[in-house]
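Chemist: Enclosed is the structure file protein-v3.csv (CSV, C-alpha atoms).
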chain,number,residue,atom,x,y,z
A,143,MET,CA,0.0,0.0,0.0
A,144,THR,CA,1.2,3.5,-0.8
A,145,GLN,CA,2.4,5.4,2.2
A,146,ARG,CA,0.0,8.0,3.4
A,147,HIS,CA,1.0,11.4,4.8
A,148,VAL,CA,-1.5,12.3,7.5
A,149,LEU,CA,-1.7,15.5,9.5
A,150,ILE,CA,-3.5,15.0,12.8
A,151,ILE,CA,-4.7,18.1,14.7
A,152,HIS,CA,-6.1,18.1,18.3
A,153,GLN,CA,-5.8,20.7,21.0
A,154,ASN,CA,-4.6,18.0,23.4
A,155,PHE,CA,-2.8,15.9,20.8
A,156,PRO,CA,-3.2,13.0,20.3
A,157,GLY,CA,-6.5,13.2,22.2
A,158,GLN,CA,-9.1,10.8,20.7
A,159,PHE,CA,-6.6,10.0,18.0
A,160,GLY,CA,-4.0,8.1,20.0
A,161,LEU,CA,-5.0,4.6,18.8
A,162,LEU,CA,-5.4,5.9,15.3
A,163,THR,CA,-2.0,7.5,15.3
A,164,ALA,CA,-0.4,4.2,16.4
A,165,ALA,CA,-2.2,2.2,13.7
A,166,LEU,CA,-1.2,4.6,11.0
A,167,MET,CA,2.4,4.4,12.1
A,168,GLU,CA,2.2,0.6,12.4
A,169,ARG,CA,1.2,0.3,8.8
A,170,GLY,CA,4.0,2.6,7.6
A,171,ASP,CA,2.3,5.9,7.1
A,172,ARG,CA,3.9,9.2,8.0
A,173,VAL,CA,2.1,11.1,10.8
A,174,VAL,CA,2.6,14.7,11.7
A,175,GLY,CA,0.7,16.4,14.6
A,176,ILE,CA,-0.5,19.9,15.4
A,177,GLY,CA,-1.6,20.6,19.0
A,178,GLY,CA,-1.8,23.1,21.8
A,179,PRO,CA,0.6,23.7,24.6
A,180,THR,CA,-0.7,20.7,26.6
A,181,SER,CA,-0.1,18.3,23.7
A,182,ARG,CA,1.8,15.1,24.3
A,183,GLN,CA,4.8,14.1,22.2
A,184,ILE,CA,4.7,10.7,20.6
A,185,ASP,CA,7.9,8.9,19.5
A,186,GLY,CA,8.2,9.1,15.7
A,187,VAL,CA,5.5,11.9,15.3
A,188,PRO,CA,6.8,15.4,14.6
A,189,LEU,CA,4.6,17.8,16.6
A,190,ALA,CA,4.0,21.5,16.0
A,191,ARG,CA,2.6,23.1,19.1
A,192,TRP,CA,0.7,26.3,18.3
A,193,ARG,CA,0.8,29.3,20.6
A,194,GLN,CA,-1.9,32.0,20.8
A,195,GLY,CA,-0.8,35.3,19.4
A,196,ARG,CA,-3.0,37.2,21.9
A,197,GLY,CA,-5.4,36.9,24.7
A,198,SER,CA,-9.2,37.5,24.7
A,199,THR,CA,-10.7,40.9,24.6
A,200,PRO,CA,-11.9,42.3,28.0
A,201,ASN,CA,-15.6,42.9,28.3
A,202,ILE,CA,-16.3,41.4,24.9
A,203,PHE,CA,-20.0,40.9,23.9
A,204,TYR,CA,-21.1,37.8,25.9
A,205,GLN,CA,-22.2,35.8,22.8
A,206,ALA,CA,-18.8,36.3,21.1
A,207,VAL,CA,-16.6,35.0,23.9
A,208,ARG,CA,-16.3,31.5,22.6
A,209,ALA,CA,-16.1,32.6,19.0
A,210,GLU,CA,-13.2,34.9,19.7
A,211,ALA,CA,-11.3,32.3,21.6
A,212,ASP,CA,-11.9,29.8,18.8
A,213,LEU,CA,-10.7,32.2,16.1
A,214,ILE,CA,-7.6,33.1,18.1
A,215,ARG,CA,-6.8,29.4,18.2
A,216,GLY,CA,-7.7,29.2,14.5
A,217,GLU,CA,-5.1,31.7,13.6
A,218,ALA,CA,-2.5,29.9,15.8
A,219,GLY,CA,-3.4,26.6,14.0
A,220,LEU,CA,-3.1,28.2,10.6
A,221,ARG,CA,0.4,29.5,11.5
A,222,ALA,CA,1.5,26.1,12.7
A,223,ALA,CA,0.2,24.5,9.5
A,224,MET,CA,2.0,27.2,7.4
A,225,ALA,CA,5.3,26.4,9.2
A,226,LEU,CA,4.9,22.7,8.3
A,227,LYS,CA,4.1,23.6,4.7
A,228,GLU,CA,7.2,25.8,4.5
A,229,ARG,CA,9.3,22.9,5.6
A,230,GLY,CA,7.9,20.8,2.8
A,231,PHE,CA,5.1,18.9,4.4
A,232,THR,CA,1.8,18.5,2.5
A,233,PRO,CA,-0.5,15.8,3.8
A,234,ASP,CA,-2.7,13.5,1.8
A,235,VAL,CA,-5.4,13.8,4.5
A,236,ILE,CA,-6.1,16.0,7.5
A,237,VAL,CA,-7.7,14.3,10.5
A,238,ALA,CA,-8.8,16.9,13.1
A,239,HIS,CA,-10.9,17.8,16.1
A,240,PRO,CA,-12.4,21.2,15.1
A,241,ALA,CA,-14.2,22.1,18.3
A,242,TRP,CA,-11.6,24.5,19.6
A,243,GLY,CA,-11.1,26.4,16.3
A,244,GLU,CA,-7.7,25.2,15.1
A,245,THR,CA,-8.9,23.9,11.8
A,246,VAL,CA,-11.1,26.8,10.7
A,247,HIS,CA,-8.5,28.4,8.4
A,248,LEU,CA,-6.8,25.2,7.1
A,249,ARG,CA,-8.2,25.6,3.6
A,250,GLN,CA,-6.1,28.7,3.3
A,251,VAL,CA,-3.0,26.6,3.8
A,252,TYR,CA,-4.0,23.3,2.2
A,253,PRO,CA,-6.8,24.1,-0.2
A,254,ASP,CA,-7.0,20.7,-1.9
A,255,VAL,CA,-6.3,18.4,1.1
A,256,PRO,CA,-9.4,16.4,2.2
A,257,GLN,CA,-10.4,17.0,5.8
A,258,LEU,CA,-11.8,14.2,8.0
A,259,LEU,CA,-13.2,16.0,11.0
A,260,PHE,CA,-14.3,14.6,14.4
A,261,GLY,CA,-17.9,15.7,15.3
A,262,GLU,CA,-18.0,15.6,19.1
A,263,LEU,CA,-21.2,17.6,19.8
A,264,HIS,CA,-23.2,20.5,18.4
A,265,TYR,CA,-24.3,22.6,21.3
A,266,ARG,CA,-28.0,23.1,21.8
A,267,ALA,CA,-29.9,25.2,24.3
A,268,LYS,CA,-32.9,22.9,24.3
A,269,GLY,CA,-33.0,19.1,24.6
A,270,GLY,CA,-29.4,18.6,25.7
A,271,ASP,CA,-27.4,19.0,28.9
A,272,THR,CA,-28.1,22.6,29.6
A,273,ASP,CA,-31.9,22.4,30.3
A,274,PHE,CA,-31.9,19.0,31.9
A,275,ASP,CA,-31.3,19.4,35.6
A,276,PHE,CA,-33.5,22.2,36.8
A,277,GLU,CA,-32.1,22.0,40.3
A,278,PHE,CA,-29.1,23.9,38.9
A,279,ASP,CA,-30.1,25.1,35.5
A,280,THR,CA,-32.5,28.0,35.1
A,281,THR,CA,-31.8,29.1,31.5
A,282,ASN,CA,-33.2,32.2,29.9
A,283,ILE,CA,-33.1,33.7,26.4
A,284,ASN,CA,-29.6,35.2,27.0
A,285,ASP,CA,-28.3,31.8,28.0
A,286,ASP,CA,-29.9,30.2,25.0
A,287,MET,CA,-28.3,32.7,22.6
A,288,ARG,CA,-24.9,32.2,24.3
A,289,ILE,CA,-25.1,28.4,24.0
A,290,HIS,CA,-26.2,28.6,20.4
A,291,ALA,CA,-23.5,31.0,19.5
A,292,LYS,CA,-20.8,28.6,20.8
A,293,ASN,CA,-21.3,26.6,17.6
A,294,ALA,CA,-20.2,29.5,15.3
A,295,VAL,CA,-16.6,28.6,14.6
A,296,GLN,CA,-17.0,24.9,14.8
A,297,THR,CA,-19.9,25.1,12.2
A,298,LEU,CA,-17.7,27.2,9.9
A,299,ALA,CA,-14.9,24.6,10.3
A,300,LEU,CA,-17.3,21.8,9.5
A,301,MET,CA,-18.3,23.5,6.2
A,302,ASP,CA,-14.8,22.6,5.0
A,303,ALA,CA,-15.1,18.9,6.0
A,304,ASP,CA,-15.1,16.2,3.4
A,305,ARG,CA,-16.4,13.7,6.0
A,306,ILE,CA,-17.4,13.9,9.6
A,307,VAL,CA,-17.1,11.1,12.2
A,308,CYS,CA,-19.2,11.0,15.3
A,309,PRO,CA,-18.6,8.4,18.0
A,310,THR,CA,-22.3,7.7,18.8
A,311,ARG,CA,-25.7,8.2,17.1
A,312,PHE,CA,-26.6,10.5,20.0
A,313,GLN,CA,-23.7,12.8,19.1
A,314,ALA,CA,-24.4,12.6,15.4
A,315,ASP,CA,-28.0,13.5,15.9
A,316,SER,CA,-27.0,16.7,17.7
A,317,PHE,CA,-25.7,18.2,14.4
A,318,PRO,CA,-27.9,20.1,11.9
A,319,ARG,CA,-29.6,18.4,9.0
A,320,LEU,CA,-27.1,20.1,6.6
A,321,PHE,CA,-24.3,17.9,7.9
A,322,GLN,CA,-26.1,14.6,8.3
A,323,PRO,CA,-25.2,13.2,4.8
A,324,MET,CA,-21.5,13.7,5.6
A,325,ILE,CA,-21.6,12.0,9.0
A,326,GLU,CA,-20.5,8.4,9.7
A,327,VAL,CA,-20.9,7.0,13.2
A,328,ILE,CA,-17.7,5.4,14.3
A,329,HIS,CA,-16.7,5.1,17.9
A,330,GLU,CA,-12.9,5.3,18.4
A,331,GLY,CA,-13.3,2.3,20.6
A,332,VAL,CA,-11.6,0.9,23.7
A,333,ASP,CA,-9.0,-1.8,24.1
A,334,THR,CA,-11.1,-4.7,25.3
A,335,GLU,CA,-8.0,-6.8,26.1
A,336,ARG,CA,-6.7,-4.2,28.5
A,337,ALA,CA,-10.2,-3.6,29.8
A,338,LYS,CA,-10.9,-7.1,30.9
A,339,LYS,CA,-12.0,-8.6,34.2
A,340,ARG,CA,-9.0,-10.1,36.1
A,341,PRO,CA,-8.0,-11.3,39.5
A,342,ALA,CA,-7.2,-8.0,41.3
A,343,VAL,CA,-6.5,-6.5,44.7
A,344,LEU,CA,-7.2,-2.8,45.2
A,345,GLU,CA,-5.2,-1.2,47.9
A,346,LEU,CA,-7.0,1.8,49.5
A,347,PRO,CA,-5.4,4.9,51.1
A,348,ASN,CA,-6.2,3.6,54.6
A,349,GLY,CA,-4.3,0.4,53.9
A,350,ARG,CA,-7.3,-1.8,53.4
A,351,ARG,CA,-7.2,-4.2,50.5
A,352,LEU,CA,-10.2,-5.1,48.5
A,353,ASP,CA,-10.2,-8.3,46.3
A,354,GLY,CA,-13.9,-8.5,45.3
A,355,SER,CA,-14.8,-11.1,47.9
A,356,THR,CA,-16.9,-8.5,49.7
A,357,PRO,CA,-19.3,-6.1,47.9
A,358,VAL,CA,-17.8,-3.1,46.2
A,359,ILE,CA,-19.7,-0.3,44.4
A,360,THR,CA,-17.6,1.8,41.9
A,361,PHE,CA,-18.1,5.3,40.5
A,362,ILE,CA,-15.6,6.6,38.0
A,363,ASN,CA,-15.5,9.8,36.0
A,364,ARG,CA,-12.8,12.3,35.0
A,365,ARG,CA,-14.1,14.7,37.6
A,366,PHE,CA,-16.8,14.6,40.2
A,367,GLU,CA,-19.5,16.9,38.9
A,368,ARG,CA,-23.2,17.1,38.4
A,369,LEU,CA,-23.3,16.5,34.7
A,370,ARG,CA,-22.1,12.9,35.4
A,371,GLY,CA,-24.6,12.4,38.3
A,372,PHE,CA,-22.2,12.8,41.2
A,373,HIS,CA,-24.8,14.6,43.3
A,374,ILE,CA,-27.4,11.8,42.6
A,375,PHE,CA,-24.9,9.1,43.5
A,376,MET,CA,-23.9,10.8,46.7
A,377,ARG,CA,-27.5,11.3,47.8
A,378,ALA,CA,-28.2,7.5,47.2
A,379,LEU,CA,-25.2,6.4,49.4
A,380,PRO,CA,-26.5,7.0,53.0
A,381,ASP,CA,-29.5,4.6,52.7
A,382,PHE,CA,-27.4,2.1,50.7
A,383,LEU,CA,-24.6,2.0,53.2
A,384,ALA,CA,-27.1,1.6,56.1
A,385,ALA,CA,-28.8,-1.3,54.2
A,386,CYS,CA,-25.5,-3.0,53.3
A,387,PRO,CA,-23.0,-2.6,56.2
A,388,GLU,CA,-20.6,-5.0,54.6
A,389,ALA,CA,-20.3,-2.9,51.3
A,390,GLN,CA,-17.4,-0.6,50.3
A,391,VAL,CA,-17.7,2.3,47.9
A,392,VAL,CA,-14.8,3.3,45.6
A,393,LEU,CA,-14.8,6.6,43.7
A,394,ILE,CA,-12.2,7.4,41.1
A,395,GLY,CA,-11.8,10.9,39.6
A,396,GLU,CA,-10.3,14.3,40.1
A,397,GLU,CA,-11.9,16.3,42.9
A,398,GLN,CA,-11.0,19.8,41.7
A,399,GLY,CA,-12.6,21.7,38.9
A,400,VAL,CA,-15.2,20.7,36.3
A,401,SER,CA,-14.8,19.2,32.9
A,402,TYR,CA,-18.3,19.9,31.8
A,403,GLY,CA,-21.0,22.4,32.8
A,404,ALA,CA,-20.7,25.2,35.3
A,405,PRO,CA,-18.9,25.2,38.6
A,406,LEU,CA,-20.8,25.9,41.8
A,407,PRO,CA,-21.6,29.6,42.4
A,408,ASP,CA,-19.9,29.6,45.8
A,409,GLY,CA,-16.6,28.3,44.3
A,410,ARG,CA,-16.7,25.0,46.3
A,411,GLU,CA,-15.7,21.7,44.7
A,412,TRP,CA,-18.5,19.2,44.1
A,413,LYS,CA,-17.1,16.7,46.6
A,414,ASP,CA,-17.1,19.3,49.4
A,415,HIS,CA,-20.5,20.4,48.4
A,416,MET,CA,-22.0,16.9,48.6
A,417,LEU,CA,-20.2,16.0,51.7
A,418,ALA,CA,-21.6,19.0,53.4
A,419,GLU,CA,-25.1,17.8,52.3
A,420,VAL,CA,-24.9,14.1,53.1
A,421,GLY,CA,-21.6,13.5,54.9
A,422,ASP,CA,-23.0,13.4,58.4
A,423,ARG,CA,-25.1,10.4,57.2
A,424,LEU,CA,-22.2,8.5,55.6
A,425,ASP,CA,-19.8,6.0,57.1
A,426,LEU,CA,-16.8,7.6,55.6
A,427,ASP,CA,-14.6,4.7,56.6
A,428,ARG,CA,-16.4,2.8,53.8
A,429,VAL,CA,-16.4,5.5,51.2
A,430,HIS,CA,-13.0,5.8,49.4
A,431,PHE,CA,-12.0,8.7,47.2
A,432,LEU,CA,-9.0,7.6,45.2
A,433,GLY,CA,-8.5,10.7,43.1
A,434,ARG,CA,-7.1,10.2,39.6
A,435,VAL,CA,-5.4,6.8,39.1
A,436,GLU,CA,-3.4,5.2,36.4
A,437,HIS,CA,-5.3,3.0,34.0
A,438,GLY,CA,-4.3,-0.4,35.4
A,439,ARG,CA,-5.5,0.6,38.8
A,440,MET,CA,-8.8,1.6,37.4
A,441,ILE,CA,-9.2,-1.8,35.7
A,442,ASP,CA,-8.4,-3.4,39.1
A,443,ALA,CA,-11.3,-1.4,40.6
A,444,LEU,CA,-13.7,-2.5,37.8
A,445,SER,CA,-12.6,-6.1,38.1
A,446,ILE,CA,-13.7,-6.3,41.8
A,447,SER,CA,-16.9,-4.2,41.3
A,448,TRP,CA,-20.2,-5.7,42.2
A,449,GLY,CA,-22.1,-2.7,40.7
A,450,HIS,CA,-20.7,0.2,38.6
A,451,ILE,CA,-22.6,3.4,38.6
A,452,TYR,CA,-22.7,5.5,35.4
A,453,TYR,CA,-25.0,8.5,35.3
A,454,THR,CA,-24.9,11.3,32.8
A,455,TYR,CA,-27.0,14.2,31.4
A,456,PRO,CA,-27.7,14.0,27.7
A,457,PHE,CA,-24.1,14.5,26.7
A,458,VAL,CA,-21.0,12.8,25.3
A,459,LEU,CA,-20.6,9.2,26.4
A,460,SER,CA,-17.6,8.4,28.6
A,461,TRP,CA,-15.0,5.8,27.6
A,462,SER,CA,-15.2,4.6,31.2
A,463,LEU,CA,-18.7,3.1,30.7
A,464,LEU,CA,-17.5,1.0,27.8
A,465,GLU,CA,-14.4,-0.1,29.8
A,466,ALA,CA,-16.7,-1.1,32.7
A,467,MET,CA,-18.9,-3.1,30.4
A,468,SER,CA,-15.8,-4.7,28.9
A,469,CYS,CA,-14.7,-5.7,32.5
A,470,GLU,CA,-18.1,-7.5,32.9
A,471,CYS,CA,-19.4,-5.0,35.5
A,472,LEU,CA,-23.0,-4.8,36.4
A,473,ILE,CA,-23.9,-1.4,34.9
A,474,ILE,CA,-26.4,0.7,36.9
A,475,GLY,CA,-26.9,3.6,34.6
A,476,SER,CA,-29.2,6.6,34.0
A,477,ASP,CA,-32.0,6.2,31.6
A,478,THR,CA,-30.7,9.0,29.3
A,479,ALA,CA,-30.2,8.9,25.6
A,480,PRO,CA,-26.4,8.4,25.5
A,481,VAL,CA,-26.6,5.5,27.9
A,482,ARG,CA,-29.6,3.8,26.2
A,483,GLU,CA,-27.6,3.6,23.0
A,484,VAL,CA,-25.3,1.1,24.7
A,485,VAL,CA,-27.2,-0.3,27.7
A,486,GLU,CA,-30.5,-2.1,27.3
A,487,ASP,CA,-32.4,-2.2,30.6
A,488,GLY,CA,-32.6,-5.8,31.9
A,489,ALA,CA,-30.4,-7.2,29.2
A,490,ASN,CA,-26.9,-5.9,29.7
A,491,GLY,CA,-27.5,-3.5,32.6
A,492,VAL,CA,-30.0,-1.7,34.8
A,493,LEU,CA,-31.3,1.8,33.9
A,494,ASN,CA,-33.0,4.2,36.3
A,495,ASP,CA,-34.6,7.6,36.0
A,496,PHE,CA,-31.7,10.0,36.4
A,497,PHE,CA,-33.3,11.9,39.3
A,498,ASP,CA,-34.8,9.0,41.2
A,499,VAL,CA,-32.5,8.7,44.1
A,500,PRO,CA,-34.4,5.8,45.9
A,501,ALA,CA,-34.3,3.8,42.7
A,502,LEU,CA,-30.5,4.1,42.5
A,503,THR,CA,-30.2,3.1,46.2
A,504,ALA,CA,-32.5,0.1,45.6
A,505,ALA,CA,-30.5,-1.0,42.5
A,506,MET,CA,-27.2,-0.9,44.5
A,507,VAL,CA,-28.7,-2.8,47.3
A,508,ARG,CA,-29.9,-5.5,45.0
A,509,ALA,CA,-26.5,-5.7,43.3
A,510,VAL,CA,-25.1,-6.5,46.7
A,511,ARG,CA,-27.9,-8.8,48.0
A,512,GLU,CA,-28.5,-10.7,44.8
A,513,PRO,CA,-25.3,-10.8,42.8
A,514,GLU,CA,-26.1,-14.1,41.1
A,515,ALA,CA,-29.2,-12.5,39.5
A,516,PHE,CA,-27.0,-10.3,37.3
A,517,THR,CA,-24.4,-12.9,36.0
A,518,ALA,CA,-26.0,-13.0,32.6
A,519,MET,CA,-26.1,-9.2,32.4
A,520,ARG,CA,-22.4,-9.0,33.2
A,521,LYS,CA,-21.6,-11.4,30.4
A,522,ALA,CA,-23.9,-9.6,28.0
A,523,ALA,CA,-22.2,-6.2,28.8
A,524,ARG,CA,-18.9,-7.5,27.5
A,525,ALA,CA,-20.6,-9.3,24.6
A,526,THR,CA,-22.0,-5.9,23.6
A,527,VAL,CA,-18.8,-4.0,23.8
A,528,VAL,CA,-16.4,-6.4,22.0
A,529,PRO,CA,-18.0,-6.5,18.6
A,530,ARG,CA,-19.3,-2.9,18.6
A,531,TYR,CA,-16.6,-0.9,20.4
A,532,ASP,CA,-13.3,-2.8,20.3
A,533,SER,CA,-10.8,-0.3,18.9
A,534,ARG,CA,-9.0,-2.9,16.8
A,535,LEU,CA,-12.1,-4.6,15.4
A,536,THR,CA,-14.2,-1.6,14.6
A,537,GLY,CA,-13.0,1.8,15.5
A,538,VAL,CA,-9.5,2.0,14.1
A,539,PRO,CA,-10.2,-0.1,10.9
A,540,ALA,CA,-13.1,2.2,10.0
A,541,TRP,CA,-11.1,5.3,10.5
A,542,LEU,CA,-8.3,3.8,8.3
A,543,ARG,CA,-10.8,3.0,5.6
A,544,LEU,CA,-12.1,6.6,5.5
A,545,ILE,CA,-8.5,8.0,5.4
A,546,ASP,CA,-7.7,5.7,2.5
A,547,GLU,CA,-10.9,6.7,0.7
A,548,LEU,CA,-10.2,10.4,1.0
A,549,ALA,CA,-6.6,10.0,0.0
A,550,LEU,CA,-7.6,8.1,-3.1
A,551,ARG,CA,-10.2,10.7,-4.0
A,552,ARG,CA,-7.5,13.4,-3.8
Would you mind giving the structure from this file in structure tokens?

Modeler:
Amino acid sequence: MTQRHVLIIHQNFPGQFGLLTAALMERGDRVVGIGGPTSRQIDGVPLARWRQGRGSTPNIFYQAVRAEADLIRGEAGLRAAMALKERGFTPDVIVAHPAWGETVHLRQVYPDVPQLLFGELHYRAKGGDTDFDFEFDTTNINDDMRIHAKNAVQTLALMDADRIVCPTRFQADSFPRLFQPMIEVIHEGVDTERAKKRPAVLELPNGRRLDGSTPVITFINRRFERLRGFHIFMRALPDFLAACPEAQVVLIGEEQGVSYGAPLPDGREWKDHMLAEVGDRLDLDRVHFLGRVEHGRMIDALSISWGHIYYTYPFVLSWSLLEAMSCECLIIGSDTAPVREVVEDGANGVLNDFFDVPALTAAMVRAVREPEAFTAMRKAARATVVPRYDSRLTGVPAWLRLIDELALRR
């Protein structure tokens, strides 16, 4: 096969394109990257890190805040691409995540190079994550305009796309009708051989060691925040711990900041906020916050889990859900559209109304009291993920096919 020259662009390079980058290099293609200051260097991949030429404008019109930031990054991305071109590099295909603006001006540098763009989400003021949880969200017309305007530069960038790849149907459906004929649903996938149930011992900060012989409930997210149901989970814990005195609870994720949605108005972290609300009713000797852990330790936690909680607003699906299913966890999830795309209630997991705290408590209690009732569901969870979401079987081969199609078209 002819060697392809592929330019991969991601603000946090390689981002979602790590497995794809490795596969391209393995088959002998030349890969060059463009990324922001936090990008990670990969052996064998020249990386051009862009740097913003200026900061944002003070007191800019509120609807233009995101657009200005994206356009500033777009100029920085253009200059990084120009530097590559001046050094003699012209790709056969550009693979990029356009959501932060870096790709918006690429046609000015490489007018004839096909662009394969990653469609993560088209923001919407209604029917998504911003008008879902009315305990915290009280949107008004100004918020609606601000949210809609966040799409401005990404939409402009997508107009230059030759093909768009969305990881899930939920994400694909968020984009306007104009783009639907260009979209292909391909999840980048997870490594189901790495994410696989195994004999494991999880050592806790207090020195206790868990091996799965006693009940363990797991909750894993990048950060503890309301968009991923942290507040619902914490509210379900007091009654669960009282009903199951032998159970332990393990939470993995960063405790500071938010990845999605808004922070608390008072500046407190979500962990502190929820402990202030329910902490006096928790046996904190059995609730273990591990912070951010390396991947192998996360797989150990999933391997000993008796019930894994995955709740989310209508938003992008987390890799951690697929890895938990791959580890044959009993999934106790929220009955929201992204989760329903993967989990069928009663077949490969259990789904509850997102806001029904007693239902979550009851599901966790049953996971502990009747573990044998869920054996088939655990097996079905992995049987769902391997053929549909294994990176080597589905995700990466499909991406490679699209790259080759676009390169041949050029």

Chemist: Can you tell me which residues surround Phe361 of chain A at a distance of at most 9 Å, considering all atoms listed in the file, apart from same-chain residues fewer than 2 positions away, and format the answer as number ranges by chain?

Modeler: A: 359, 363, 372, 375, 391-395, 449-452

Chemist: Do you have the atom CA of Val237 of chain A-atom CA of Phe155 of chain A distance handy?

Modeler: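 Atom CA of Phe155 of chain A lies 11.5 Å from atom CA of Val237 of chain A.
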
Chemist: Write out as a ChimeraX atom specification which residues come within 7 Å of Gly178 of chain A when counting only C-alpha atoms, dropping same-chain ones fewer than 4 positions away.

Modeler: /A:153-154,191-193

Chemist: Env of Gln194 of chain A: 10 Å cut, atoms = all atoms listed in the file, seq-sep filter 2 positions within chain, self excluded. Answer as a count of residues only.

Modeler: 15

Chemist: If you measure from atom CA of Ala501 of chain A to atom CA of Leu383 of chain A, what distance in Å do you get, rounded to one decimal?

Modeler: 14.4 Å

Chemist: Of the candidates A:Arg543, A:Arg288, A:Arg520, A:Arg428, which one gets nearest to Asn348 of chain A if we count only C-alpha atoms?

Modeler: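 Between A:Arg543, A:Arg288, A:Arg520, A:Arg428, the residue approaching Asn348 of chain A most closely is A:Arg428.
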